[in-house]
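**Q** For reference, this is final-v8.txt, and it has compact mmCIF, C-alpha atoms.
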```txt
# COMPACT_ATOMS: atom_id res chain seq x y z
CA MET A 11 -4.77 31.13 -5.03
CA ARG A 12 -5.44 29.25 -8.26
CA VAL A 13 -7.75 26.24 -8.12
CA GLN A 14 -6.67 23.18 -10.07
CA ASP A 15 -8.93 21.01 -12.17
CA THR A 16 -10.55 18.02 -10.52
CA LEU A 17 -8.47 15.12 -9.28
CA ARG A 18 -9.80 13.08 -12.22
CA GLN A 19 -8.48 15.66 -14.67
CA TRP A 20 -5.12 15.85 -12.89
CA LEU A 21 -4.69 12.08 -13.00
CA ALA A 22 -5.73 11.87 -16.66
CA ALA A 23 -3.43 14.68 -17.79
CA GLU A 24 -0.15 12.74 -17.57
CA PRO A 25 1.11 9.31 -16.44
CA PHE A 26 1.32 9.02 -12.66
CA THR A 27 2.80 6.74 -10.03
CA LEU A 28 0.40 5.27 -7.47
CA VAL A 29 2.03 5.04 -4.04
CA MET A 30 0.32 3.34 -1.11
CA SER A 31 1.47 3.51 2.49
CA SER A 32 1.88 0.84 5.10
CA GLY A 33 -0.97 0.17 7.51
CA PHE A 34 -1.78 -3.02 9.39
CA PHE A 35 -4.13 -5.10 7.16
CA SER A 36 -5.02 -1.95 5.19
CA PHE A 37 -4.52 -3.77 1.89
CA PHE A 38 -8.33 -3.95 1.72
CA ALA A 39 -8.59 -0.15 1.68
CA HIS A 40 -5.75 0.20 -0.81
CA CYS A 41 -7.59 -2.22 -3.09
CA GLY A 42 -10.70 -0.04 -2.81
CA VAL A 43 -8.73 2.98 -4.01
CA LEU A 44 -7.20 1.01 -6.87
CA THR A 45 -10.61 -0.39 -7.82
CA ALA A 46 -12.05 3.12 -8.14
CA LEU A 47 -9.15 4.23 -10.34
CA GLU A 48 -9.52 1.19 -12.57
CA GLU A 49 -13.29 1.64 -12.86
CA ASP A 50 -12.79 5.27 -13.87
CA GLY A 51 -10.22 4.40 -16.53
CA LEU A 52 -7.32 5.94 -14.60
CA PRO A 53 -4.72 3.19 -14.22
CA PRO A 54 -1.32 4.17 -12.82
CA ALA A 55 1.76 3.97 -15.02
CA ARG A 56 3.97 2.81 -12.12
CA LEU A 57 3.40 1.58 -8.58
CA ALA A 58 5.27 1.75 -5.30
CA GLY A 59 4.43 1.04 -1.72
CA SER A 60 5.29 -0.29 1.67
CA SER A 61 3.83 -3.22 3.59
CA ALA A 62 0.05 -3.40 2.98
CA GLY A 63 0.48 -0.88 0.17
CA ALA A 64 3.20 -3.00 -1.42
CA LEU A 65 0.98 -6.09 -1.36
CA THR A 66 -1.89 -4.47 -3.28
CA ALA A 67 0.48 -2.64 -5.63
CA GLY A 68 2.42 -5.84 -6.30
CA LEU A 69 -0.57 -8.03 -7.08
CA TRP A 70 -2.00 -5.45 -9.48
CA ALA A 71 1.36 -4.81 -11.16
CA ALA A 72 1.74 -8.57 -11.59
CA GLY A 73 -1.39 -8.64 -13.73
CA LEU A 74 -4.34 -9.19 -11.42
CA ALA A 75 -7.25 -6.85 -12.12
CA ALA A 76 -8.49 -4.91 -9.12
CA GLY A 77 -11.58 -7.14 -8.98
CA ALA A 78 -9.40 -10.23 -8.78
CA VAL A 79 -7.33 -8.69 -5.97
CA ARG A 80 -10.57 -7.86 -4.16
CA ASP A 81 -11.86 -11.42 -4.56
CA LEU A 82 -8.60 -12.79 -3.20
CA TYR A 83 -8.78 -10.53 -0.16
CA PHE A 84 -12.45 -11.24 0.46
CA SER A 85 -11.80 -14.99 0.41
CA LEU A 86 -8.97 -14.82 2.98
CA CYS A 87 -9.18 -16.97 6.08
CA LYS A 88 -6.76 -16.77 8.97
CA ARG A 89 -5.51 -20.28 8.25
CA ASP A 90 -4.38 -19.12 4.79
CA PHE A 91 -1.42 -17.26 6.32
CA TRP A 92 -1.28 -18.39 9.95
CA ASP A 93 1.71 -20.73 10.38
CA PRO A 94 3.31 -20.28 13.84
CA ALA A 95 6.86 -21.55 14.15
CA PRO A 96 9.90 -20.84 16.38
CA GLY A 97 12.00 -17.96 15.14
CA LEU A 98 12.31 -14.18 15.15
CA GLY A 99 8.57 -13.73 14.94
CA LEU A 100 5.36 -15.64 15.52
CA LEU A 101 4.67 -16.73 11.95
CA ARG A 102 7.04 -18.53 9.57
CA GLY A 103 5.51 -16.82 6.53
CA ARG A 104 5.54 -19.81 4.16
CA ARG A 105 1.77 -19.78 3.80
CA PHE A 106 1.84 -16.04 3.08
CA ARG A 107 4.36 -16.52 0.28
CA SER A 108 2.50 -19.57 -1.05
CA LEU A 109 -0.68 -17.51 -1.24
CA ILE A 110 1.04 -14.83 -3.33
CA ARG A 111 2.67 -17.40 -5.61
CA SER A 112 -0.63 -19.16 -6.29
CA ALA A 113 -2.41 -15.87 -7.05
CA SER A 114 0.22 -14.01 -9.09
CA PRO A 115 0.45 -14.45 -12.86
CA VAL A 116 4.24 -13.83 -12.69
CA SER A 117 6.96 -14.99 -10.33
CA ARG A 118 9.48 -12.14 -10.55
CA ILE A 119 9.19 -8.38 -10.08
CA GLU A 120 10.89 -7.64 -13.38
CA ASP A 121 8.21 -9.69 -15.20
CA CYS A 122 5.36 -7.53 -13.90
CA GLY A 123 3.33 -5.67 -16.50
CA TRP A 124 3.84 -2.36 -14.69
CA PRO A 125 7.02 -1.03 -13.07
CA LEU A 126 6.95 -1.87 -9.36
CA ARG A 127 9.13 -0.82 -6.43
CA VAL A 128 8.44 -1.89 -2.87
CA SER A 129 10.16 -0.93 0.36
CA ALA A 130 11.55 -3.25 3.01
CA PHE A 131 13.79 -2.69 6.03
CA ASP A 132 17.18 -4.40 6.22
CA LEU A 133 18.04 -5.51 9.75
CA ARG A 134 21.72 -5.78 8.82
CA THR A 135 22.20 -2.23 7.54
CA LEU A 136 19.28 -0.68 9.46
CA ARG A 137 18.17 1.04 6.26
CA THR A 138 15.32 0.90 3.80
CA ARG A 139 15.85 -1.36 0.81
CA VAL A 140 13.91 -0.66 -2.38
CA LEU A 141 13.14 -3.94 -4.17
CA ASP A 142 12.61 -3.76 -7.92
CA ALA A 143 13.91 -7.18 -9.03
CA GLY A 144 13.84 -10.74 -7.75
CA ASP A 145 11.23 -13.15 -6.50
CA LEU A 146 7.90 -11.32 -6.26
CA ALA A 147 6.43 -13.37 -3.42
CA ASP A 148 9.57 -13.02 -1.32
CA ALA A 149 9.73 -9.26 -1.97
CA LEU A 150 6.08 -8.64 -1.07
CA TYR A 151 6.43 -10.82 2.01
CA ALA A 152 9.54 -8.89 3.05
CA SER A 153 7.69 -5.59 2.74
CA CYS A 154 4.79 -6.97 4.82
CA ALA A 155 6.81 -8.87 7.46
CA VAL A 156 5.71 -6.98 10.57
CA PRO A 157 8.49 -7.37 13.17
CA PHE A 158 7.73 -9.99 15.83
CA MET A 159 4.65 -11.11 13.90
CA PHE A 160 6.48 -12.61 10.89
CA HIS A 161 9.94 -14.10 10.57
CA PRO A 162 12.44 -11.91 8.69
CA ILE A 163 13.40 -13.17 5.22
CA ARG A 164 16.81 -13.39 3.56
CA PHE A 165 16.67 -11.54 0.25
CA ASP A 166 19.58 -10.59 -2.00
CA GLY A 167 22.11 -10.55 0.81
CA GLY A 168 19.88 -8.79 3.32
CA LEU A 169 17.69 -9.82 6.24
CA LEU A 170 14.44 -7.99 5.61
CA VAL A 171 11.30 -7.04 7.52
CA ASP A 172 8.36 -4.68 7.08
CA GLY A 173 9.07 -1.65 4.92
CA GLY A 174 6.96 0.51 7.20
CA VAL A 175 9.71 0.42 9.84
CA SER A 176 11.54 3.31 8.15
CA ASP A 177 9.51 4.10 4.99
CA ARG A 178 5.95 4.12 6.16
CA HIS A 179 4.88 6.23 3.19
CA GLY A 180 6.35 3.88 0.57
CA LEU A 181 7.96 6.75 -1.31
CA ALA A 182 11.58 5.58 -1.15
CA GLY A 183 11.31 3.92 -4.55
CA VAL A 184 9.86 6.92 -6.38
CA ASP A 185 12.24 8.85 -8.61
CA PRO A 186 12.43 12.64 -8.29
CA GLY A 187 10.07 14.45 -10.62
CA GLN A 188 7.51 11.68 -10.98
CA ARG A 189 3.85 12.69 -10.66
CA VAL A 190 2.48 10.84 -7.64
CA PHE A 191 -0.97 10.00 -6.38
CA TYR A 192 -0.48 8.89 -2.79
CA HIS A 193 -2.95 7.02 -0.58
CA HIS A 194 -2.12 7.60 3.08
CA ILE A 195 -3.35 5.29 5.85
CA ALA A 196 -3.28 7.04 9.20
CA SER A 197 -1.21 5.12 11.74
CA ARG A 198 -2.66 3.91 15.02
CA SER A 199 0.54 2.25 16.16
CA PRO A 200 1.35 2.77 19.86
CA TRP A 201 5.05 2.57 18.93
CA ARG A 202 5.09 5.81 16.94
CA ARG A 203 6.17 8.92 18.82
CA ARG A 204 3.77 11.83 18.77
CA GLY A 205 4.87 14.24 16.08
CA SER A 206 6.77 11.56 14.16
CA SER A 207 7.11 12.37 10.47
CA ALA A 208 5.86 8.84 9.74
CA LEU A 209 2.43 9.88 11.02
CA ARG A 210 2.08 12.92 8.78
CA VAL A 211 1.15 13.16 5.13
CA PRO A 212 4.52 13.80 3.50
CA ASP A 213 5.42 16.90 1.51
CA ARG A 214 6.57 16.24 -2.03
CA VAL A 215 6.54 18.29 -5.21
CA ASN A 216 4.08 17.09 -7.86
CA MET A 217 2.15 14.81 -5.51
CA VAL A 218 -1.53 14.74 -4.58
CA SER A 219 -2.49 12.82 -1.45
CA LEU A 220 -5.74 11.12 -0.48
CA VAL A 221 -6.56 10.55 3.18
CA ILE A 222 -9.72 8.67 4.17
CA ASP A 223 -10.34 9.11 7.88
CA ASP A 224 -11.99 6.57 10.17
CA LEU A 225 -11.68 3.61 7.84
CA PRO A 226 -12.77 0.27 9.33
CA ARG A 227 -9.66 -1.58 10.53
CA PRO A 228 -9.49 -5.30 9.81
CA GLY A 229 -7.02 -7.64 11.45
CA PRO A 230 -6.13 -11.34 11.54
CA ASP A 231 -9.14 -12.05 13.74
CA ALA A 232 -11.44 -9.56 12.01
CA LEU A 233 -10.91 -10.17 8.31
CA GLU A 234 -14.61 -9.68 7.60
CA VAL A 235 -14.15 -5.98 8.44
CA GLY A 236 -11.96 -5.76 5.33
CA LYS A 237 -15.02 -5.75 3.08
CA ASP A 238 -16.29 -2.61 4.80
CA ALA A 239 -12.86 -0.98 4.47
CA TRP A 240 -12.76 -1.80 0.74
CA ARG A 241 -16.25 -0.37 0.14
CA ALA A 242 -15.55 2.80 2.13
CA ALA A 243 -12.25 3.42 0.33
CA ARG A 244 -13.73 2.78 -3.10
CA GLU A 245 -16.68 5.11 -2.52
CA ALA A 246 -14.50 7.85 -1.02
CA THR A 247 -12.08 7.64 -3.96
CA LEU A 248 -14.86 7.84 -6.53
CA THR A 249 -16.14 10.95 -4.76
CA ALA A 250 -12.61 12.37 -4.48
CA LEU A 251 -12.15 12.18 -8.24
CA ASP A 252 -14.64 15.05 -8.60
CA SER A 253 -12.86 17.17 -5.99
CA LYS A 254 -10.88 20.27 -6.84
CA PHE A 255 -7.75 21.26 -4.98
CA GLU A 256 -5.43 24.24 -4.67
CA SER A 257 -2.62 23.64 -7.14
CA ASP A 258 -0.29 26.15 -5.51
CA CYS A 259 0.03 23.98 -2.39
CA LEU A 260 3.26 21.99 -2.12
CA THR A 261 1.34 18.77 -1.57
CA PRO A 262 -2.42 19.10 -2.07
CA THR A 263 -4.32 16.74 0.21
CA ILE A 264 -7.88 15.58 -0.40
CA ARG A 265 -9.39 14.38 2.86
CA PHE A 266 -12.58 12.40 3.41
CA GLY A 267 -14.28 10.59 6.20
CA ALA A 268 -15.13 6.97 5.50
CA ASP A 269 -18.76 8.01 5.15
CA GLY A 270 -18.37 11.32 3.28
CA ARG A 271 -16.41 14.54 2.81
CA VAL A 272 -14.69 16.12 5.80
```
Step by step, read the file and then write its structure as structure tokens.
**A**
Amino acid sequence: MRVQDTLRQWLAAEPFTLVMSSGFFSFFAHCGVLTALEEDGLPPARLAGSSAGALTAGLWAAGLAAGAVRDLYFSLCKRDFWDPAPGLGLLRGRRFRSLIRSASPVSRIEDCGWPLRVSAFDLRTLRTRVLDAGDLADALYASCAVPFMFHPIRFDGGLLVDGGVSDRHGLAGVDPGQRVFYHHIASRSPWRRRGSSALRVPDRVNMVSLVIDDLPRPGPDALEVGKDAWRAAREATLTALDSKFESDCLTPTIRFGADGRV
């Protein structure tokens, strides 16, 4: 079985799409991965994602450097997005959208410096919607609107919630044939059935996946843990760039523990 060049060489060889999965408050870890790529001079040509992955992808595509995204995340306080109100969810989501609008250099997806597609779930059609135009803050909020935690949002004729409902991997917006580097956050959701395809690293031609096991898991009441998740993901990604993988595999997967190679 032929061994491919290192991940760094694979990423540098041709333009690639960075895809980042959903994962409750895992935007810190996604930012760590993106930071490592930026530091190594390996920026993606396109970005896609779902939920937490969409948030980090969207802020970077809008023009924020990875360090600026990190600083925004590290400065987060619960009050910045916590706005309980009656409705189909605990939080109204206005503070969330205001936070994105104040941070983003652009207001619409089509004005982003890099092509961006994010996944959301439409409660009216019960299908994934891929958002590639329209208000950026509304689109990123829609992709992140965890059911029963955030109110759904009306967007372009739909009623949208978290993209991870039916496209946990965030791959729905990726065109066939694109080279993909995919960061997979393992799900710990009690709502997923054992053996669900949403829990597995997906198979896709011309895609290399990175899985970092045992990442620290921040949450609304444990935002400080996000710094540890960012550091662990950044360090694991920098190490992964020197890894070789078997190119004959359908979907090569590079797997690390948060504190080193598995």
**Q** Have a look at A:Ser114, A:Ser176, A:Ser153, A:Ser197 and name the one nearest to Ala75 of chain A; count only C-alpha atoms.
**A**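 Result for the nearest residue to Ala75 of chain A: A:Ser114.
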**Q** Which is closer to Ala250 of chain A than all the others in A:Ile119, A:Leu47, A:Glu24, A:Ala71, using all atoms listed in the file?
**A** A:Leu47
**Q** Would you work out the distance separating atom CA of Arg244 of chain A from atom CA of Thr45 of chain A, expressed in Å to one decimal?
**A**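 Computing it gives 6.5 Å between the two atoms.
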**Q** Considering all atoms listed in the file, state which residue in the set A:Asp238, A:Asp185, A:Asp213, A:Asp121 is at the smallest distance from Phe26 of chain A.
**A**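 Looking only at the distances to Phe26 of chain A, the closest residue turns out to be A:Asp185.
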**Q** What's around Leu141 of chain A at 10 Å? Count only C-alpha atoms, leave out sequence neighbours fewer than 3 positions away in its own chain, and write the answer as a ChimeraX atom specification.
**A** /A:58,119,126-130,138,144-146,149-150,152-153,165-166,183
**Q** Pick out the closest residue to Ser36 of chain A from this set: A:Ile163, A:Ala62, A:Val175, A:Val221. Count all atoms listed in the file.
**A**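 So, comparing all the options, the nearest one is A:Ala62.
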**Q** Check the smallest atom-to-atom distance from each of A:Leu100, A:Ala72, A:Leu233, A:Leu225 to Gly42 of chain A using all atoms listed in the file, then report the winner.
**A**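 Ranked by minimum distance to Gly42 of chain A, first place goes to A:Leu225.
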**Q** Please identify all polymer residues lying at most 10 Å from the point (0.2, 4.2, 3.4) (file coordinates), using only C-alpha atoms, and present the result as a count of residues only.
**A** 33
**Q** Which distance in Å separates atom CA of Leu69 of chain A and atom CA of Cys41 of chain A, to one decimal?
**A**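 Value for the atom CA of Leu69 of chain A-atom CA of Cys41 of chain A distance: 9.9 Å.
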**Q** Using all atoms listed in the file, pick whichever of A:Val171, A:Arg137, A:Val218, A:Leu248 has the shortest atom-to-atom distance to Glu48 of chain A.
**A** A:Leu248
**Q** Quick one: residues within 12 Å of Trp20 of chain A, all atoms listed in the file counted, chain neighbours fewer than 4 positions away excluded, as a compact mmCIF listing (two decimals) with C-alpha atoms, keeping the file's coordinate frame?
**A**
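So part_3.txt came out as:
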```
# COMPACT_ATOMS: atom_id res chain seq x y z
CA VAL A 13 -7.75 26.24 -8.12
CA GLN A 14 -6.67 23.18 -10.07
CA ASP A 15 -8.93 21.01 -12.17
CA THR A 16 -10.55 18.02 -10.52
CA GLU A 24 -0.15 12.74 -17.57
CA PRO A 25 1.11 9.31 -16.44
CA PHE A 26 1.32 9.02 -12.66
CA LEU A 52 -7.32 5.94 -14.60
CA ARG A 189 3.85 12.69 -10.66
CA VAL A 190 2.48 10.84 -7.64
CA PHE A 191 -0.97 10.00 -6.38
CA ASN A 216 4.08 17.09 -7.86
CA MET A 217 2.15 14.81 -5.51
CA VAL A 218 -1.53 14.74 -4.58
CA ALA A 250 -12.61 12.37 -4.48
CA LEU A 251 -12.15 12.18 -8.24
CA ASP A 252 -14.64 15.05 -8.60
CA SER A 253 -12.86 17.17 -5.99
CA LYS A 254 -10.88 20.27 -6.84
CA PHE A 255 -7.75 21.26 -4.98
CA GLU A 256 -5.43 24.24 -4.67
CA SER A 257 -2.62 23.64 -7.14
CA PRO A 262 -2.42 19.10 -2.07
```
**Q** Which residues are near Asp224 of chain A? Cut-off 10 Å, all atoms listed in the file, ignore same chain within fewer than 3 positions. Put them as a PDB file with C-alpha atoms, in the coordinates of the input.
**A**
```
ATOM      1  CA  ILE A 195      -3.350   5.290   5.850  1.00  0.00           C
ATOM      2  CA  ALA A 196      -3.280   7.040   9.200  1.00  0.00           C
ATOM      3  CA  VAL A 221      -6.560  10.550   3.180  1.00  0.00           C
ATOM      4  CA  ARG A 227      -9.660  -1.580  10.530  1.00  0.00           C
ATOM      5  CA  ALA A 239     -12.860  -0.980   4.470  1.00  0.00           C
ATOM      6  CA  ALA A 242     -15.550   2.800   2.130  1.00  0.00           C
ATOM      7  CA  PHE A 266     -12.580  12.400   3.410  1.00  0.00           C
ATOM      8  CA  GLY A 267     -14.280  10.590   6.200  1.00  0.00           C
ATOM      9  CA  ALA A 268     -15.130   6.970   5.500  1.00  0.00           C
ATOM     10  CA  ASP A 269     -18.760   8.010   5.150  1.00  0.00           C
TER      11      ASP A 269
END
```
**Q** Would you list the residues near (-12.8, -8.7, -2.1), meaning any protein, DNA or RNA residue with an atom at most 10 Å from that point in file coordinates, counting all atoms listed in the file, as number ranges by chain?
**A** A: 38, 41-42, 76-86, 234, 236-238, 240-241
**Q** Emit as lines of an AutoDock Vina configuration file the padded axis-aligned box for all listed atoms of segment 150-168 of chain A, 3 Å per side, with centre and edge lengths in Å to one decimal.
**A**
```
center_x = 13.4
center_y = -9.8
center_z = 6.9
size_x = 23.5
size_y = 14.5
size_z = 23.8
```
